[in-house]
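Have a look at model30.cif below; it lists mmCIF, C-alpha atoms and all ligand atoms.
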```
data_entry
#
loop_
_atom_site.label_atom_id
_atom_site.label_comp_id
_atom_site.auth_asym_id
_atom_site.auth_seq_id
_atom_site.Cartn_x
_atom_site.Cartn_y
_atom_site.Cartn_z
CA MET U 10 0.00 0.00 0.00
CA SER U 11 1.35 3.43 -0.95
CA SER U 12 2.05 6.02 1.72
CA LYS U 13 -0.64 8.32 0.24
CA THR U 14 -3.33 5.63 0.54
CA GLN U 15 -2.07 4.74 4.02
CA GLU U 16 -2.19 8.38 5.12
CA ILE U 17 -5.81 8.85 4.03
CA LEU U 18 -6.90 5.49 5.48
CA ASP U 19 -5.28 6.38 8.82
CA ILE U 20 -7.26 9.62 9.06
CA TYR U 21 -10.41 7.83 7.87
CA LYS U 22 -10.09 5.16 10.56
CA ALA U 23 -9.49 7.75 13.25
CA LYS U 24 -12.19 10.25 12.31
CA VAL U 25 -14.98 8.57 10.30
CA MET U 26 -17.49 6.36 12.14
CA PRO U 27 -16.81 2.72 11.26
CA THR U 28 -20.11 2.07 9.44
CA TYR U 29 -18.19 0.88 6.35
CA ARG U 30 -14.99 -1.14 5.84
CA PRO U 31 -13.25 0.37 2.83
CA SER U 32 -9.59 -0.23 1.96
CA ILE U 33 -9.31 1.53 -1.42
CA VAL U 34 -9.15 5.33 -1.79
CA LEU U 35 -10.69 6.44 -5.11
CA ALA U 36 -9.82 9.70 -6.79
CA ASN U 37 -11.61 9.89 -10.16
CA GLY U 38 -13.47 7.94 -12.82
CA ARG U 39 -14.38 7.89 -16.49
CA GLY U 40 -16.88 5.47 -18.02
CA VAL U 41 -16.47 2.06 -16.36
CA THR U 42 -12.97 2.83 -15.03
CA VAL U 43 -12.11 4.40 -11.69
CA ARG U 44 -8.64 5.29 -10.47
CA ASP U 45 -7.35 5.09 -6.95
CA ILE U 46 -5.37 7.86 -5.34
CA ASP U 47 -2.15 6.35 -6.73
CA ASN U 48 -3.63 6.34 -10.26
CA ARG U 49 -4.19 2.56 -10.39
CA PRO U 50 -7.10 1.82 -12.77
CA LEU U 51 -9.94 -0.49 -11.73
CA TYR U 52 -13.07 -1.60 -13.58
CA ASP U 53 -16.00 -0.62 -11.41
CA PHE U 54 -18.57 -3.40 -11.66
CA THR U 55 -20.40 -1.85 -8.68
CA SER U 56 -21.20 1.52 -10.33
CA GLY U 57 -20.72 3.00 -6.86
CA ILE U 58 -23.53 0.65 -5.70
CA GLY U 59 -25.81 1.00 -8.68
CA VAL U 60 -25.41 4.77 -9.07
CA GLN U 61 -23.11 5.48 -12.04
CA SER U 62 -25.32 3.82 -14.65
CA VAL U 63 -24.22 6.09 -17.50
CA GLY U 64 -20.60 5.75 -16.38
CA TYR U 65 -18.38 8.06 -14.37
CA SER U 66 -18.09 11.65 -15.62
CA HIS U 67 -20.35 11.31 -18.65
CA PRO U 68 -19.75 14.59 -20.56
CA LYS U 69 -23.49 15.35 -20.87
CA VAL U 70 -24.05 14.85 -17.14
CA VAL U 71 -20.97 16.88 -16.21
CA LYS U 72 -22.10 19.74 -18.45
CA ALA U 73 -25.65 19.71 -17.05
CA ILE U 74 -24.28 19.86 -13.50
CA GLN U 75 -21.81 22.64 -14.31
CA ASP U 76 -24.39 24.77 -16.11
CA GLN U 77 -27.05 24.39 -13.42
CA ALA U 78 -24.52 24.95 -10.61
CA ALA U 79 -23.51 28.23 -12.23
CA ALA U 80 -27.17 29.29 -12.62
CA MET U 81 -28.62 28.29 -9.22
CA THR U 82 -27.74 25.41 -6.86
CA HIS U 83 -30.85 25.66 -4.65
CA CYS U 84 -33.98 27.72 -4.16
CA SER U 85 -36.17 25.68 -1.70
CA ASN U 86 -39.62 24.34 -2.42
CA LEU U 87 -41.22 27.68 -1.59
CA PHE U 88 -40.41 28.35 -5.24
CA VAL U 89 -40.62 26.26 -8.41
CA ASN U 90 -37.47 25.27 -10.30
CA GLU U 91 -37.66 24.23 -13.94
CA PRO U 92 -35.32 21.16 -13.95
CA ALA U 93 -37.27 19.36 -11.17
CA THR U 94 -40.58 20.19 -12.83
CA ARG U 95 -39.44 18.82 -16.19
CA LEU U 96 -37.99 15.77 -14.43
CA ALA U 97 -41.35 15.03 -12.76
CA GLU U 98 -43.02 15.20 -16.16
CA LYS U 99 -40.38 12.82 -17.59
CA LEU U 100 -40.63 10.28 -14.73
CA VAL U 101 -44.41 10.12 -15.08
CA GLU U 102 -43.98 9.65 -18.84
CA ILE U 103 -41.37 6.85 -18.74
CA SER U 104 -43.21 5.01 -15.96
CA GLY U 105 -46.64 5.31 -17.53
CA LEU U 106 -48.22 5.64 -14.07
CA ASP U 107 -50.27 8.80 -14.82
CA GLY U 108 -49.69 10.23 -11.34
CA LYS U 109 -47.35 12.69 -9.66
CA VAL U 110 -43.86 12.79 -8.14
CA PHE U 111 -42.45 13.72 -4.71
CA PHE U 112 -38.71 14.49 -4.70
CA CYS U 113 -36.30 13.84 -1.85
CA ASN U 114 -32.61 12.94 -1.46
CA SER U 115 -32.10 9.21 -0.99
CA GLY U 116 -33.65 5.79 -1.32
CA ALA U 117 -34.55 5.51 2.35
CA GLU U 118 -36.20 8.92 2.27
CA ALA U 119 -38.20 7.96 -0.83
CA ASN U 120 -39.36 4.77 0.89
CA GLU U 121 -40.28 6.76 4.02
CA ALA U 122 -42.41 8.97 1.80
CA ALA U 123 -44.06 5.89 0.26
CA ILE U 124 -44.83 4.46 3.70
CA LYS U 125 -46.20 7.81 4.91
CA LEU U 126 -48.35 8.17 1.80
CA ALA U 127 -49.71 4.65 2.28
CA ARG U 128 -50.55 5.40 5.93
CA LYS U 129 -52.21 8.71 5.06
CA TRP U 130 -54.31 6.97 2.40
CA GLY U 131 -55.04 4.08 4.78
CA ALA U 132 -56.18 6.47 7.52
CA SER U 133 -59.13 7.49 5.36
CA ASN U 134 -59.61 4.02 3.84
CA GLY U 135 -60.61 1.84 6.76
CA GLY U 136 -58.07 3.05 9.34
CA ARG U 137 -55.35 0.77 7.99
CA TYR U 138 -51.58 1.29 8.38
CA GLU U 139 -49.71 -1.99 8.24
CA VAL U 140 -47.24 -2.60 5.39
CA VAL U 141 -46.21 -6.13 4.38
CA THR U 142 -42.52 -6.38 3.44
CA PHE U 143 -40.21 -9.32 2.75
CA ARG U 144 -37.70 -11.11 4.94
CA GLN U 145 -35.07 -11.05 2.19
CA GLY U 146 -35.71 -7.40 1.23
CA PHE U 147 -33.87 -4.14 1.84
CA HIS U 148 -35.42 -0.67 2.07
CA GLY U 149 -32.93 1.62 3.82
CA ARG U 150 -31.49 2.77 7.15
CA THR U 151 -33.96 5.23 8.68
CA LEU U 152 -35.95 3.79 11.57
CA ALA U 153 -39.10 3.09 9.52
CA THR U 154 -37.18 1.63 6.58
CA VAL U 155 -35.10 -0.48 8.99
CA ALA U 156 -38.40 -1.78 10.39
CA ALA U 157 -39.42 -2.48 6.79
CA THR U 158 -36.12 -4.33 6.22
CA ALA U 159 -36.80 -7.64 7.92
CA GLN U 160 -33.19 -8.65 8.47
CA ALA U 161 -31.50 -9.04 11.85
CA TRP U 162 -28.17 -7.47 10.81
CA CYS U 163 -30.06 -4.31 9.96
CA GLN U 164 -32.38 -4.18 12.99
CA GLU U 165 -30.31 -5.42 15.94
CA GLY U 166 -29.69 -2.81 18.64
CA PHE U 167 -32.19 -0.26 17.36
CA ASP U 168 -35.28 -1.20 19.37
CA PRO U 169 -37.93 -0.03 19.71
CA LEU U 170 -38.55 0.06 15.97
CA PRO U 171 -41.65 1.73 14.53
CA VAL U 172 -44.63 -0.64 14.49
CA GLY U 173 -46.83 -1.30 11.49
CA PHE U 174 -44.85 -3.84 9.48
CA ALA U 175 -45.54 -7.51 8.85
CA TYR U 176 -43.12 -9.84 7.10
CA ALA U 177 -43.63 -12.42 4.38
CA ASP U 178 -41.35 -14.61 2.26
CA PHE U 179 -40.31 -13.43 -1.19
CA ASN U 180 -41.74 -15.36 -4.15
CA ASP U 181 -44.22 -17.04 -1.80
CA LEU U 182 -47.73 -15.72 -2.39
CA GLU U 183 -49.26 -17.86 0.36
CA SER U 184 -47.03 -16.20 2.95
CA VAL U 185 -48.21 -12.78 1.73
CA LYS U 186 -51.83 -13.87 2.16
CA ALA U 187 -51.01 -15.10 5.66
CA ALA U 188 -49.42 -11.74 6.61
CA ILE U 189 -52.46 -9.68 5.57
CA THR U 190 -54.83 -8.54 8.34
CA ASP U 191 -57.68 -6.01 8.47
CA LYS U 192 -55.01 -3.38 9.30
CA THR U 193 -52.92 -4.02 6.16
CA VAL U 194 -52.71 -1.08 3.77
CA ALA U 195 -49.86 -2.00 1.39
CA VAL U 196 -47.38 -4.58 0.15
CA MET U 197 -43.88 -3.21 -0.52
CA LEU U 198 -41.32 -5.18 -2.52
CA GLU U 199 -38.30 -5.05 -4.82
CA ALA U 200 -39.06 -6.64 -8.21
CA VAL U 201 -35.43 -7.73 -8.20
CA GLN U 202 -34.01 -7.89 -4.68
CA GLY U 203 -30.55 -6.30 -4.44
CA GLU U 204 -28.94 -6.47 -1.00
CA GLY U 205 -30.91 -9.62 -0.16
CA GLY U 206 -29.11 -11.67 -2.84
CA VAL U 207 -29.96 -10.48 -6.39
CA THR U 208 -33.20 -12.44 -6.58
CA PRO U 209 -35.79 -11.57 -9.24
CA ALA U 210 -39.45 -11.98 -8.41
CA THR U 211 -41.09 -14.69 -10.48
CA ASP U 212 -43.65 -13.57 -13.03
CA GLU U 213 -46.31 -15.50 -11.17
CA PHE U 214 -45.41 -13.80 -7.87
CA MET U 215 -45.50 -10.22 -9.21
CA LYS U 216 -48.83 -10.81 -10.93
CA GLY U 217 -50.11 -12.61 -7.82
CA VAL U 218 -49.18 -9.68 -5.55
CA ARG U 219 -50.91 -7.26 -7.93
CA ALA U 220 -54.07 -9.39 -8.01
CA LEU U 221 -54.04 -9.76 -4.22
CA CYS U 222 -53.65 -5.99 -3.77
CA ASP U 223 -56.59 -5.40 -6.14
CA GLU U 224 -58.73 -7.96 -4.35
CA LYS U 225 -58.04 -6.58 -0.83
CA ASN U 226 -57.82 -2.88 -1.76
CA LEU U 227 -54.10 -2.67 -0.82
CA LEU U 228 -51.44 -0.47 -2.38
CA MET U 229 -48.66 -2.21 -4.27
CA ILE U 230 -45.38 -0.35 -3.68
CA CYS U 231 -42.27 -1.20 -5.71
CA ASP U 232 -38.88 -0.21 -4.31
CA GLU U 233 -36.92 0.52 -7.50
CA VAL U 234 -34.01 2.18 -5.71
CA GLN U 235 -31.50 -0.38 -6.97
CA ALA U 236 -33.19 -2.07 -9.94
CA GLY U 237 -34.70 1.10 -11.44
CA MET U 238 -33.50 3.56 -14.10
CA GLY U 239 -32.71 0.95 -16.72
CA ARG U 240 -30.55 -1.54 -14.88
CA THR U 241 -32.68 -4.60 -15.68
CA GLY U 242 -33.36 -3.61 -19.30
CA THR U 243 -36.58 -1.65 -18.71
CA TRP U 244 -36.82 1.80 -17.11
CA PHE U 245 -38.23 0.19 -13.99
CA ALA U 246 -37.93 -3.49 -13.11
CA TRP U 247 -41.70 -3.89 -12.58
CA GLN U 248 -42.18 -2.99 -16.26
CA GLY U 249 -40.64 -6.37 -17.06
CA TYR U 250 -43.64 -8.09 -15.45
CA ASP U 251 -46.66 -6.58 -17.18
CA VAL U 252 -47.99 -5.16 -13.88
CA LYS U 253 -48.28 -1.60 -12.58
CA PRO U 254 -47.65 -0.71 -8.93
CA ASP U 255 -49.62 2.07 -7.25
CA LEU U 256 -46.40 3.68 -6.03
CA PHE U 257 -42.74 3.20 -6.74
CA THR U 258 -39.55 4.75 -5.43
CA CYS U 259 -36.22 5.37 -7.09
CA ALA U 260 -32.89 6.90 -6.06
CA LYS U 261 -29.40 5.43 -6.63
CA ALA U 262 -28.96 5.81 -10.43
CA ILE U 263 -31.43 8.62 -10.98
CA ALA U 264 -29.12 11.66 -10.91
CA GLY U 265 -25.75 10.54 -12.25
CA GLY U 266 -24.05 10.42 -8.86
CA LEU U 267 -25.79 13.32 -7.14
CA PRO U 268 -28.06 12.52 -4.21
CA MET U 269 -31.72 12.36 -5.22
CA GLY U 270 -34.74 10.22 -4.43
CA ALA U 271 -38.20 10.19 -5.94
CA LEU U 272 -41.59 8.72 -5.11
CA VAL U 273 -43.89 8.28 -8.12
CA SER U 274 -47.63 7.62 -7.74
CA ASN U 275 -50.51 6.60 -9.94
CA ALA U 276 -53.42 9.00 -10.55
CA LYS U 277 -55.45 7.70 -7.58
CA LEU U 278 -52.70 8.62 -5.08
CA ALA U 279 -51.39 11.78 -6.75
CA ASP U 280 -52.75 14.24 -4.16
CA VAL U 281 -52.62 12.22 -0.93
CA LEU U 282 -49.44 13.92 0.33
CA SER U 283 -50.51 17.56 0.33
CA ALA U 284 -49.20 20.63 2.18
CA PRO U 285 -48.22 20.69 5.00
CA SER U 286 -48.15 16.91 5.48
CA HIS U 287 -44.77 16.13 3.94
CA ALA U 288 -41.71 18.05 2.72
CA SER U 289 -37.94 18.01 2.16
CA THR U 290 -35.69 21.09 2.10
CA PHE U 291 -33.40 19.80 -0.62
CA GLY U 292 -36.02 17.67 -2.43
CA GLY U 293 -35.99 18.39 -6.17
CA ASN U 294 -32.66 20.13 -5.95
CA PRO U 295 -32.14 21.82 -9.36
CA VAL U 296 -28.55 20.57 -9.84
CA ALA U 297 -29.55 16.97 -9.09
CA ALA U 298 -32.64 17.36 -11.30
CA ALA U 299 -30.58 18.76 -14.18
CA ALA U 300 -28.20 15.79 -13.80
CA ALA U 301 -31.18 13.40 -13.80
CA LEU U 302 -32.58 14.92 -17.01
CA ALA U 303 -29.14 14.43 -18.60
CA VAL U 304 -29.01 10.82 -17.37
CA ILE U 305 -32.42 10.07 -18.92
CA ASP U 306 -31.31 11.75 -22.15
CA VAL U 307 -28.16 9.60 -22.25
CA ILE U 308 -30.13 6.39 -21.55
CA GLU U 309 -32.48 7.25 -24.43
CA SER U 310 -29.93 8.52 -26.97
CA GLU U 311 -27.37 5.76 -26.31
CA LYS U 312 -30.13 3.09 -26.18
CA LEU U 313 -28.93 1.85 -22.80
CA LEU U 314 -32.08 -0.12 -21.97
CA ALA U 315 -31.37 -2.45 -24.89
CA ARG U 316 -27.65 -2.43 -24.01
CA ALA U 317 -28.42 -3.51 -20.42
CA SER U 318 -30.29 -6.54 -21.80
CA GLU U 319 -27.68 -7.38 -24.44
CA MET U 320 -24.60 -6.94 -22.25
CA GLY U 321 -26.48 -8.62 -19.41
CA ALA U 322 -27.00 -11.70 -21.58
CA LEU U 323 -23.29 -11.81 -22.52
CA PHE U 324 -22.17 -11.29 -18.92
CA ARG U 325 -24.60 -13.94 -17.69
CA GLU U 326 -23.16 -16.42 -20.19
CA ALA U 327 -19.63 -15.72 -18.90
CA LEU U 328 -20.77 -16.13 -15.29
CA GLN U 329 -22.49 -19.40 -16.21
CA GLY U 330 -19.05 -20.51 -17.47
CA PHE U 331 -17.75 -20.00 -13.91
CA VAL U 332 -20.61 -22.12 -12.54
CA ASP U 333 -19.67 -24.89 -14.97
CA LYS U 334 -15.96 -24.61 -14.11
CA TYR U 335 -15.86 -24.29 -10.32
CA GLU U 336 -17.56 -26.64 -7.91
CA LYS U 337 -18.00 -23.85 -5.36
CA VAL U 338 -19.66 -21.45 -7.79
CA LEU U 339 -23.27 -22.56 -7.63
CA GLU U 340 -25.63 -20.37 -9.63
CA VAL U 341 -26.14 -17.15 -11.63
CA ARG U 342 -29.10 -14.97 -10.70
CA GLY U 343 -30.53 -11.60 -11.69
CA LYS U 344 -31.77 -9.58 -14.64
CA GLY U 345 -30.10 -7.34 -17.20
CA LEU U 346 -26.94 -5.83 -15.69
CA MET U 347 -27.99 -6.68 -12.13
CA LEU U 348 -26.36 -10.07 -11.67
CA GLY U 349 -25.32 -12.28 -8.79
CA LEU U 350 -23.03 -15.28 -8.52
CA VAL U 351 -24.00 -17.63 -5.70
CA VAL U 352 -20.88 -19.12 -4.10
CA ASP U 353 -20.25 -21.77 -1.47
CA ALA U 354 -17.84 -19.44 0.36
CA ASP U 355 -17.68 -16.04 2.03
CA PRO U 356 -18.39 -13.74 -0.93
CA ARG U 357 -16.10 -11.08 0.60
CA GLU U 358 -13.14 -13.33 -0.18
CA VAL U 359 -14.12 -13.38 -3.84
CA VAL U 360 -14.74 -9.61 -3.93
CA GLU U 361 -11.27 -9.00 -2.41
CA ALA U 362 -9.61 -11.33 -4.90
CA MET U 363 -11.38 -9.57 -7.78
CA ALA U 364 -10.28 -6.14 -6.51
CA ALA U 365 -6.71 -7.42 -6.37
CA GLN U 366 -7.05 -8.39 -10.07
CA GLY U 367 -8.47 -4.96 -10.92
CA VAL U 368 -12.26 -5.29 -10.95
CA LEU U 369 -14.61 -4.05 -8.24
CA ALA U 370 -17.65 -6.13 -7.24
CA LEU U 371 -20.09 -6.23 -4.31
CA THR U 372 -21.50 -8.84 -2.01
CA ALA U 373 -25.21 -9.47 -1.42
CA GLY U 374 -26.78 -11.60 1.28
CA LYS U 375 -24.55 -14.24 2.86
CA ASN U 376 -23.31 -16.03 -0.23
CA VAL U 377 -23.67 -13.88 -3.32
CA VAL U 378 -21.12 -11.86 -5.33
CA ARG U 379 -23.08 -9.00 -6.91
CA PHE U 380 -22.32 -7.12 -10.13
CA LEU U 381 -23.91 -3.78 -11.07
CA PRO U 382 -21.66 -2.49 -13.88
CA PRO U 383 -22.43 0.79 -15.65
CA LEU U 384 -24.94 0.31 -18.49
CA VAL U 385 -22.42 1.90 -20.91
CA LEU U 386 -20.32 -1.27 -20.58
CA LYS U 387 -18.77 -2.35 -23.88
CA GLU U 388 -18.01 -5.86 -25.03
CA ASP U 389 -14.20 -5.59 -24.96
CA THR U 390 -14.25 -4.16 -21.43
CA LEU U 391 -16.57 -6.96 -20.32
CA GLU U 392 -14.20 -9.56 -21.80
CA GLU U 393 -11.20 -8.05 -20.02
CA ALA U 394 -13.08 -7.85 -16.74
CA VAL U 395 -14.28 -11.45 -17.06
CA ASP U 396 -10.64 -12.56 -17.53
CA MET U 397 -9.72 -10.71 -14.32
CA MET U 398 -12.64 -12.36 -12.51
CA SER U 399 -11.51 -15.73 -13.80
CA ASP U 400 -8.01 -15.17 -12.40
CA ALA U 401 -9.55 -14.11 -9.08
CA LEU U 402 -11.72 -17.25 -8.92
CA ASP U 403 -8.61 -19.35 -9.68
CA CYS U 404 -6.95 -17.73 -6.65
CA VAL U 405 -9.91 -18.39 -4.33
CA PHE U 406 -11.15 -21.75 -5.57
CA GLY U 407 -7.91 -23.21 -7.00
CA GLU U 408 -7.27 -24.52 -10.45
C1 LIG W 1 -29.82 1.24 -1.49
C2 LIG W 1 -31.25 0.88 -1.32
C3 LIG W 1 -32.10 1.62 -0.48
C4 LIG W 1 -31.59 2.74 0.38
O1 LIG W 1 -31.16 3.81 -0.39
P1 LIG W 1 -30.26 4.97 0.31
O2 LIG W 1 -30.10 5.97 -0.78
O3 LIG W 1 -29.00 4.34 0.75
O4 LIG W 1 -31.06 5.49 1.44
C5 LIG W 1 -33.43 1.27 -0.44
N1 LIG W 1 -33.92 0.26 -1.18
C6 LIG W 1 -33.14 -0.46 -2.00
C7 LIG W 1 -33.74 -1.56 -2.81
C8 LIG W 1 -31.78 -0.18 -2.09
O5 LIG W 1 -30.99 -0.94 -2.87
#
```

Take the structure in the file and give it back as structure tokens.
Amino acid sequence: MSSKTQEILDIYKAKVMPTYRPSIVLANGRGVTVRDIDNRPLYDFTSGIGVQSVGYSHPKVVKAIQDQAAAMTHCSNLFVNEPATRLAEKLVEISGLDGKVFFCNSGAEANEAAIKLARKWGASNGGRYEVVTFRQGFHGRTLATVAATAQAWCQEGFDPLPVGFAYADFNDLESVKAAITDKTVAVMLEAVQGEGGVTPATDEFMKGVRALCDEKNLLMICDEVQAGMGRTGTWFAWQGYDVKPDLFTCAKAIAGGLPMGALVSNAKLADVLSAPSHASTFGGNPVAAAAALAVIDVIESEKLLARASEMGALFREALQGFVDKYEKVLEVRGKGLMLGLVVDADPREVVEAMAAQGVLALTAGKNVVRFLPPLVLKEDTLEEAVDMMSDALDCVFGE
């Protein structure tokens, strides 16, 4: 390790709360490549956890940010700003939900808004408030979204958690039925679970949840924070299932690396959150909104939805090769460029070995190596990265 990296890591360890365990100091990025502080290049197959979908420093996104920053960085929601207004119009258009948008600053905050909207609607629709979520899901780190995230590693030590959540098993419609009571107002799920292990919902399950919500007058809420904005080959992962949720949230990839979250509703729920019931000082920040408009423009003009499907198919084939080759590599899961490799090992070992070879990956759940590469990934870069992954797997699982 260089003395520069060591110096920064020493300060980091002394002064930053140990909520993460990083060992690489990054300085800049371009496309799929990031460079550490000593100028070592790495392929980022994490996209900064699903954020840099159009690649690092895309010229159109950089220009949009620079221009808007020079014009006005913030004006509060006591006034209207044009980029956020145009972005709301665009999100309603690409989702086809016919409703309205609430802007905030992160995935957890967007999910909080969804839960609050569901409760507000439930209060005048039978006095209902309970939200069914899934044991393998992930919804964020605020107290309510931690309560919605039914996983011990996320909840332990934070009691008492907000009440009003019931848990079911993913891809198990019977367990959803069993979790519904006369207090249930909504079912909240990820169409493709990220942190939980890169598990897509089955077609039958998504359609079943929609039908159940219709039958019992419940809201179907999709958390698109990780799978949304094109990653699975459609703008939003639920669009791959021929169903429409009542509400969905997005964040991570929406604004090209700037913090932004959004809650999108259908027409029925468009005016449930009205003044003064909910707000966010920075929500709809014009710089983030300008970046988001540029991101959507890039996804459209560079045809990145189709690219996510095409490159996803190629990458999946390469990962399947690893399953065939190594006894301890068990399965490929996911959709588009949201892929997981199930391993019979601690996935952190594999992620570390891959970083040593020059490609960054993530873990998910207890036994999954997760890949969320930028959607601008090209075939030759994928091939190079797959060779590096192969060398890493040789190191971990022997050859
Ligand atoms: C990352 C994530 C969140 C939380 O988003 P933050 O921006 O970290 O608050 C919520 N839901 C899903 C599915 C996520 O992947």

- Task: Find the residues near ligand LIG 1 (chain W). Use a cut-off of 6 Å, count all atoms listed in the file, and write them as a ChimeraX atom specification.
- Result: /U:115-117,147-149,203,232,234-235,261

Within 10 Å of range 358-378 of chain U: each range 297-352 of chain U residue with its shortest pair, all atoms listed in the file, as CSV:
```
residue,atom,partner,partner_atom,distance
U:Val338,CA,U:Val377,CA,9.7
U:Leu339,CA,U:Val377,CA,9.7
U:Glu340,CA,U:Val377,CA,9.3
U:Val341,CA,U:Val377,CA,9.3
U:Arg342,CA,U:Val377,CA,9.2
U:Leu348,CA,U:Val378,CA,8.4
U:Gly349,CA,U:Val378,CA,5.5
U:Leu350,CA,U:Val378,CA,5.1
U:Val351,CA,U:Val377,CA,4.5
U:Val352,CA,U:Asn376,CA,5.5
```

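Nearest residue to Ala119 in chain U, choosing from U:Val155, U:Ala299, U:Ile17, U:Cys259 and counting all atoms listed in the file: U:Cys259.
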
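Note that the spacing between CA of Phe257 in chain U and CA of Val110 in chain U amounts to 9.8 Å.
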
- Item | Nearby residues (all atoms listed in the file) at most 10 Å from range 329-337 of chain U, same-chain spacing under 3 positions excluded, as a PyMOL selection string | chain U and resi 323-326+340-342+350-354+395+398-399+402-403+405-408

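You can rank U:Val185, U:Ala80, U:Cys113, U:Leu35 by their closest distance to Tyr52 in chain U using only C-alpha atoms, and at the top of that list sits U:Leu35.
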
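With only C-alpha atoms taken into account, the protein and nucleic acid residues at most 6 Å from Gly345 in chain U (excluding it and anything under 6 positions from it in its own chain) are Thr241, Gly242, Ala317, Ser318 and Gly321 of chain U.
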
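Comparing U:Ala300, U:Leu346, U:Trp130, U:Glu393 by their smallest distance to Leu96 in chain U, the closest is U:Ala300 (using only C-alpha atoms).
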
Need to verify the contact set: Thr211 in chain U, 10 Å, all atoms listed in the file, exclusion of same-chain residues closer than 4 positions in sequence. Can you return it as a PDB file with C-alpha atoms, in the coordinates of the input?
```pdb
ATOM      1  CA  PHE U 179     -40.310 -13.430  -1.190  1.00  0.00           C
ATOM      2  CA  ASN U 180     -41.740 -15.360  -4.150  1.00  0.00           C
ATOM      3  CA  ASP U 181     -44.220 -17.040  -1.800  1.00  0.00           C
ATOM      4  CA  ALA U 200     -39.060  -6.640  -8.210  1.00  0.00           C
ATOM      5  CA  VAL U 201     -35.430  -7.730  -8.200  1.00  0.00           C
ATOM      6  CA  MET U 215     -45.500 -10.220  -9.210  1.00  0.00           C
ATOM      7  CA  LYS U 216     -48.830 -10.810 -10.930  1.00  0.00           C
ATOM      8  CA  GLY U 217     -50.110 -12.610  -7.820  1.00  0.00           C
ATOM      9  CA  TYR U 250     -43.640  -8.090 -15.450  1.00  0.00           C
TER      10      TYR U 250
END
```

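Taking CA of Ala301 in chain U and CA of Gly265 in chain U as the two end points, the separation is 6.3 Å.
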
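Once Gly40 in chain U and its same-chain neighbours fewer than 6 positions away are set aside, Tyr52, Asp53, Ser56, Gln61, Ser62, Val63, Gly64, Tyr65, Ser66, His67, Pro68, Pro383, Leu384, Val385, Leu386 and Lys387 of chain U remain within 10 Å of it when counting all atoms listed in the file.
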
- Item | Residue nearest Arg357 in chain U - candidates U:Arg379, U:Ser310, U:Ala36, U:Gln77, atoms counted: all atoms listed in the file | U:Arg379
